[in-house]
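Trainee: Questions regarding the structure given below will be posed in turn.
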Amino acid sequence: MAKREAITKRDNILTIENLRYSYKNASGEQEILKDINAEFHAGKMYAIIGESGSGKTTLLSLLSALDKLQEGDIKYNKKSLRKIGGTEFRLRYVNIVFQSYNLIKYMTARENVQIAIDFDERKASPDKYLRMVGLTEEEGGRLIGKLSGGQQQRVAIARALASNSPIIVADEPTGNLDEETEEKIIELFKSLAHEQDKIVIIVTHSKRVANHADKLMKLRRGELK
Amino acid sequence: MMANLVLAAITIKTAVKTQMDYAKSTLGGSVTIQADIESIRENQKDEMEKGGDPKEMFSKMTRPSVSVETANSIAGYSDYVKDYSYEVSASANSYELEVVESSRGGMGGGMPGGMGFPGMTQDEDEDTLDADITISGINAYAYINGVESGSFEIKDGTYFDEDSENSALISYEFAELNSLSVGDSFKIKNIYTEECAKLTVIGIYDTSEGRADANTIYMNTETAAQFLSEDDYNDGNYDVDNVTLYMLDSEKADEFVEKINSDFSELAENNLKIAVDTSEYDSMASSIESVGSFATTILVIVIVAAIIIVTLIVTINVKDRNYEMGVLLSLGATKANIVLQIATELVIVGTLGFALACASGTVLAQKLGDSILQAQIASSTQQSEKNFGRPGAQIGGGKMPSMPGNGSMPNMPDSTEKKSMKPQTQNTDVELDINAKPVDFLLLFVTGYLVIILALILPAVNILRYQPRQILAGKE
């Protein structure tokens with residue numbers, strides 16, 4: 001099995017090349033992403049902002065290999081996503097943090113994190129990652145439903161950390177959180193980028209999050225600027 | 001419950017197979033010597049073609065019969081024959097005794113019908129002679145019609161055997177009318193020679209369901225032969241009827257028939273044929289086979305139902321866990337991983353269920369098998385009685401206890417014991433020993449896992465169509 005990429009290298013780079021994406025609907029073909037080119041470097045946090053319908057979620061789905069590429073390519077260290085394969089890309093290269101956390105409700109926080117460790121076939125304690133996001137051992141033993149929104153988001157981030165992926169893609173990660181919690185989560189993402197040399201890409205509406213990003217990108221009518 | 005039913009059906013099927021094999025080796029069939037109707041017809045046809053007078057031909061026609069010596073010789077093939085029975089039928093005159101008024105059929109009512117050759121009487125002259133007693137000689141008491149079914153019972157005294165010289169079983173009504181009791185002697189007259197024979201009452205019988213004429217006296221064949229005409233007696237080599245030979249092994253019946261046909265060519269010359277009668281085995285086998293086929297039906301229905309139910313349960317379960325699957329896919333799980341996870345869960349739950357079924361399925365199988373078998377036997381018995389008037393009856397008047405035994409009743413220790421002894425017929429109860437064996441458990445597990453695999457196909461196809469983005473986007 002292929003070993004995980006060396007994530008500590010600052011020269012790790014995620015490239016989007018000539019990315020196009022369109023949907024077919026009753027009114028014909030609607031182009032969502034138009035010839036997008038971009039580079040994301042390790043150790044930096046990126047914020048992508050844009051209006052509703054601008055193609056943010058589609059771009060995020062493509063970056064996290066949840067959707068198939070149509071035209072153009074996404075490369076990690078010059079290796080094409082098409083070559084790596086969607087499942088392998090999701091398993092070894094990218095982890096996604098959703099607005100609604102996407103945790104398995106009947107499991108505890110610890111068990112949710114353990115899933116990511118199991119997929120990576122490593123021996124590690126989930127508590128280590130829960131501590132990294134500020135959750136106690138007692139909180140780690142609680143069922144997801146017994147945790148607050150902020151705590152659930154931290155579990156989702158701990159899961160992303162546990163998966164050991166070099167890229168973390170987050171979709172409105174603070175959308176359901178209060179300001180204080182939002183601040184803590186932003187700091188967490190920043191530390192992931194700056195201290196663990198991960199590529200952190202956050203799709204957001206929040207100006208606060210956008211202000212904290214190392215680089216802000218605007219997606220407007222399918223074009224990234 | 002499904003696993004219980006599957007195990008029950010598998011266990012019943014195994015038990016049926018075992019019982020059938022056992023029955024084949026132990027129950028045996030029987031072989032009868034009977035008139036060869038086809039041969040007689042062929043002879044008649046030949047005679048007609050030669051210009052013979054049908055009326056004359058009919059008057060000359062005699063009933064095909066087999067001599068006691070030949071019957072004994074055939075019965076002496078101990079490698080094949082377990083037991084045998086035959087009869088001598090005659091008539092006698094009551095002499096100084098009174099006879100019971102014909103309330104249950106009268107003279108001839110209890111007469112065996114010979115060798116299934118309707119239209120011919122035993123002796124045309126008998127009707128014109130002064131005969132009011134029916135003599136029924138039989139080599140073994142157990143083979144008297146009704147003994148095996150229990151409708152013919154000894155009320156007092158005991159039964160005769162082949163050594164019981166001049167001993168007779170008389171009816172309760174005949175005994176009462178003539179004030180006879182066990183140990184008394186009486187005389188009856190040979191209607192041909194006018195000679196009196198002195199018989200001793202060894203037992204008094206009673207019958208139900210009108211199976212015998214009250215004026216019928218039962219005795220062994222040697223005693224009964226005294227009442228034949230001199231010609232028929234033939235210096236002790238008299239003819240016997242209803243010769244039935246009970247096989248040690250039914251599978252060897254055909255071989256035995258072949259051997260007898262080769263060794264006793266006179267049978268064919270006398271328009272007789274020896275034929276296999278496996279009705280006992282067939283009767284039992286049909287009941288058990290019905291249970292087997294019922295078990296097969298249950299097995300098929302339960303397996304089909306199990307596949308449908310498990311498919312539905314898994315489909316619903318997968319749908320409920322759709323979101324979880326989406327999360328796992330987003331984390332890098334392959335669709336094969338997801339299917340494997342569902343399969344593993346099913347196998348764990350299934351294995352627990354099968355293990356529980358192993359404990360309870362045998363009990364269910366025994367109860368189910370017994371009730372089906374009893375229902376089948378009851379149905380068969382009703383059908384048999386409807387068709388022939390009594391269980392185990394043979395068309396043509398022949399007598400056939402449903403399970404032959406040691407008809408000769410040897411080694412009776414004393415008369416007290418004799419009174420209480422039942423005829424030594426085999427147990428007619430058909431039983432299935434339904435005990436789950438390791439192979440049944442193995443079959444349950446194999447069948448169960450096959451059901452799981454088949455039930456997984458549809459949900460697996462659904463899972464393969466999953467798109468994680470759509471699942472998670474739906475949630476978002």
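Within each chain, counting starts at residue 1; across the structure tokens, chains are named A, B, ... in the order shown, with ligands numbered 1 upward in that order.
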Near chain B, which residues of chain A fall within 8 Å when you count only C-alpha atoms, and what do they look like as a ChimeraX atom specification?

Mentor: /A:61,66-67,87-92,95-96,99-100,102-104,116,119

Trainee: From the DSSP assignment of the backbone, select every residue of region 2-224 of chain A that is helix (DSSP H, G or I), and format the answer as number ranges by chain.

Mentor: A: 56-63, 81-84, 86-92, 109-119, 126-132, 137-140, 144-146, 149-162, 179-196, 207-212

Trainee: If you count only C-alpha atoms, which residues fall within 9 Å of Gly134 (chain A), apart from same-chain ones fewer than 5 positions away, as a VMD selection string?

Mentor: chain A and resid 129 151 154

Trainee: Go ahead and save the picked residues with C-alpha atoms, as a compact mmCIF listing (two decimals), in the first residue's frame.

Mentor:
```txt
# COMPACT_ATOMS: atom_id res chain seq x y z
CA TYR A 129 -6.39 14.08 18.55
CA GLN A 151 -17.69 20.23 20.47
CA ARG A 154 -13.99 19.88 17.17
```

Trainee: Check the smallest atom-to-atom distance from each of A:Ala170, A:Leu69, A:Ile186, A:Ala193 to Arg208 (chain A) using only C-alpha atoms, then report the winner.

Mentor: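 Of A:Ala170, A:Leu69, A:Ile186, A:Ala193, the one nearest Arg208 (chain A), counting only C-alpha atoms, is A:Ile186.
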
Trainee: Can you tell me, as a ChimeraX atom specification, what residues are no more than 7 Å from Lys56 (chain A) when counting only C-alpha atoms, ignoring any on the same chain fewer than 5 positions away?

Mentor: /A:50,203,219

Trainee: What's the 9 Å shell around Ala355 (chain B), counting only C-alpha atoms, without same-chain residues fewer than 5 positions away, as a ChimeraX atom specification?

Mentor: /B:350,441,445

Trainee: Considering only C-alpha atoms, return as a list in words whatever protein or nucleic-acid residues lie within 10 Å of Glu51 (chain A), sequence-local ones (same chain, fewer than 6 positions apart) excluded.

Mentor: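 In the requested form, the answer reads Thr204, His205, Lys218, Leu219, Arg220 and Arg221 of chain A.
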
Trainee: CA of Asn317 (chain B) and CA of Ser360 (chain B), how far apart in Å?

Mentor: 27.4 Å

Trainee: Counting only C-alpha atoms, what are the residues of region 33-141 of chain A within 8 Å of region 14-27 of chain A, and for each of them which pair of atoms is the nearest and at what distance in Å, to one decimal? Sort the table by chain and rising number, as a Markdown table.

Mentor:
```
| residue | atom | partner | partner_atom | distance |
| --- | --- | --- | --- | --- |
| A:Leu33 | CA | A:Tyr21 | CA | 4.9 |
| A:Lys34 | CA | A:Arg20 | CA | 4.9 |
| A:Asp35 | CA | A:Asn18 | CA | 4.4 |
| A:Ile36 | CA | A:Leu19 | CA | 4.7 |
| A:Asn37 | CA | A:Glu17 | CA | 4.7 |
| A:Ala38 | CA | A:Ile16 | CA | 5.0 |
| A:Glu39 | CA | A:Thr15 | CA | 4.5 |
| A:Phe40 | CA | A:Leu14 | CA | 5.0 |
| A:His41 | CA | A:Leu14 | CA | 6.4 |
| A:Leu69 | CA | A:Tyr21 | CA | 7.5 |
| A:Gln70 | CA | A:Tyr21 | CA | 5.9 |
| A:Glu71 | CA | A:Arg20 | CA | 5.1 |
| A:Gly72 | CA | A:Leu19 | CA | 4.2 |
| A:Asp73 | CA | A:Glu17 | CA | 5.2 |
| A:Ile74 | CA | A:Ile16 | CA | 4.6 |
| A:Lys75 | CA | A:Thr15 | CA | 5.1 |
| A:Tyr76 | CA | A:Leu14 | CA | 4.6 |
| A:Asn77 | CA | A:Leu14 | CA | 6.4 |
| A:Lys78 | CA | A:Thr15 | CA | 7.6 |
```

Trainee: Deliver the residues from the most recent selection as a file, using N, CA and C atoms, as a CSV table (one decimal), in the first residue's frame.

Mentor:
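Heads up, here's the output in out-v1.csv:
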```csv
chain,number,residue,atom,x,y,z
A,33,LEU,N,-18.4,25.8,-12.9
A,33,LEU,CA,-17.0,26.2,-12.8
A,33,LEU,C,-16.4,26.5,-14.2
A,34,LYS,N,-15.8,27.6,-14.4
A,34,LYS,CA,-15.3,28.0,-15.7
A,34,LYS,C,-13.8,28.1,-15.7
A,35,ASP,N,-13.1,27.2,-16.2
A,35,ASP,CA,-11.7,27.2,-16.4
A,35,ASP,C,-10.9,27.8,-15.2
A,36,ILE,N,-11.0,27.1,-14.1
A,36,ILE,CA,-10.4,27.5,-12.8
A,36,ILE,C,-9.0,27.0,-12.7
A,37,ASN,N,-8.1,27.9,-12.4
A,37,ASN,CA,-6.7,27.5,-12.1
A,37,ASN,C,-6.3,28.1,-10.8
A,38,ALA,N,-5.7,27.3,-10.0
A,38,ALA,CA,-5.2,27.8,-8.6
A,38,ALA,C,-4.2,26.9,-8.1
A,39,GLU,N,-3.4,27.5,-7.1
A,39,GLU,CA,-2.4,26.7,-6.4
A,39,GLU,C,-2.6,26.9,-4.9
A,40,PHE,N,-2.5,25.8,-4.1
A,40,PHE,CA,-2.6,25.8,-2.7
A,40,PHE,C,-1.4,25.2,-2.1
A,41,HIS,N,-0.7,26.0,-1.2
A,41,HIS,CA,0.6,25.5,-0.7
A,41,HIS,C,0.4,25.0,0.7
A,69,LEU,N,-14.2,14.5,-11.7
A,69,LEU,CA,-13.8,15.6,-12.6
A,69,LEU,C,-14.5,15.4,-14.0
A,70,GLN,N,-14.8,16.6,-14.5
A,70,GLN,CA,-15.3,16.5,-15.9
A,70,GLN,C,-14.2,17.0,-16.9
A,71,GLU,N,-13.8,18.2,-16.7
A,71,GLU,CA,-12.7,18.8,-17.5
A,71,GLU,C,-11.6,19.4,-16.6
A,72,GLY,N,-10.4,19.4,-17.1
A,72,GLY,CA,-9.3,19.9,-16.3
A,72,GLY,C,-8.8,18.9,-15.3
A,73,ASP,N,-8.0,19.3,-14.4
A,73,ASP,CA,-7.4,18.3,-13.4
A,73,ASP,C,-7.1,19.0,-12.1
A,74,ILE,N,-7.0,18.1,-11.1
A,74,ILE,CA,-6.5,18.5,-9.8
A,74,ILE,C,-5.3,17.7,-9.5
A,75,LYS,N,-4.2,18.3,-9.1
A,75,LYS,CA,-3.0,17.5,-8.9
A,75,LYS,C,-2.4,17.8,-7.5
A,76,TYR,N,-1.9,16.8,-7.0
A,76,TYR,CA,-1.2,17.0,-5.7
A,76,TYR,C,0.3,16.6,-5.9
A,77,ASN,N,1.1,17.5,-5.7
A,77,ASN,CA,2.6,17.3,-6.1
A,77,ASN,C,2.7,16.7,-7.5
A,78,LYS,N,2.0,17.3,-8.4
A,78,LYS,CA,2.0,17.0,-9.8
A,78,LYS,C,1.4,15.6,-10.1
```

Trainee: Find, counting only C-alpha atoms, the residue in A:Thr136, A:Gln196, A:Ser206, A:Ser148 that gets nearest to Thr174 (chain A).

Mentor: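 Counting only C-alpha atoms, the residue closest to Thr174 (chain A) is A:Ser206.
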
Trainee: Which polymer residues have any atom within 7 Å of an atom of Ser151 (chain B), counting only C-alpha atoms, with same-chain residues fewer than 3 positions away left out, as an MDAnalysis selection string?

Mentor: chainID B and resid 146:147 207:209

Trainee: What separation in Å, quoted to one decimal, exists between CA of Asn220 (chain B) and CA of Ile74 (chain B)?

Mentor: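 CA of Ile74 (chain B) lies at a distance of 18.9 Å from CA of Asn220 (chain B).
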
Trainee: Using only C-alpha atoms, can you tell me which of B:Ser283, B:Thr447, B:Thr70, B:Asn139 comes closest to Asp161 (chain B)?

Mentor: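 The answer is B:Asn139, which sits nearest to Asp161 (chain B).
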
Trainee: So how many Å separate CA of Glu182 (chain A) and CA of Glu111 (chain A), to one decimal?

Mentor: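 So the answer is 24.3 Å.
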
Trainee: List every residue of region 21-184 of chain A that DSSP, applied to the backbone, labels as strand (DSSP E or B), and write the result as a count of residues only.

Mentor: 44
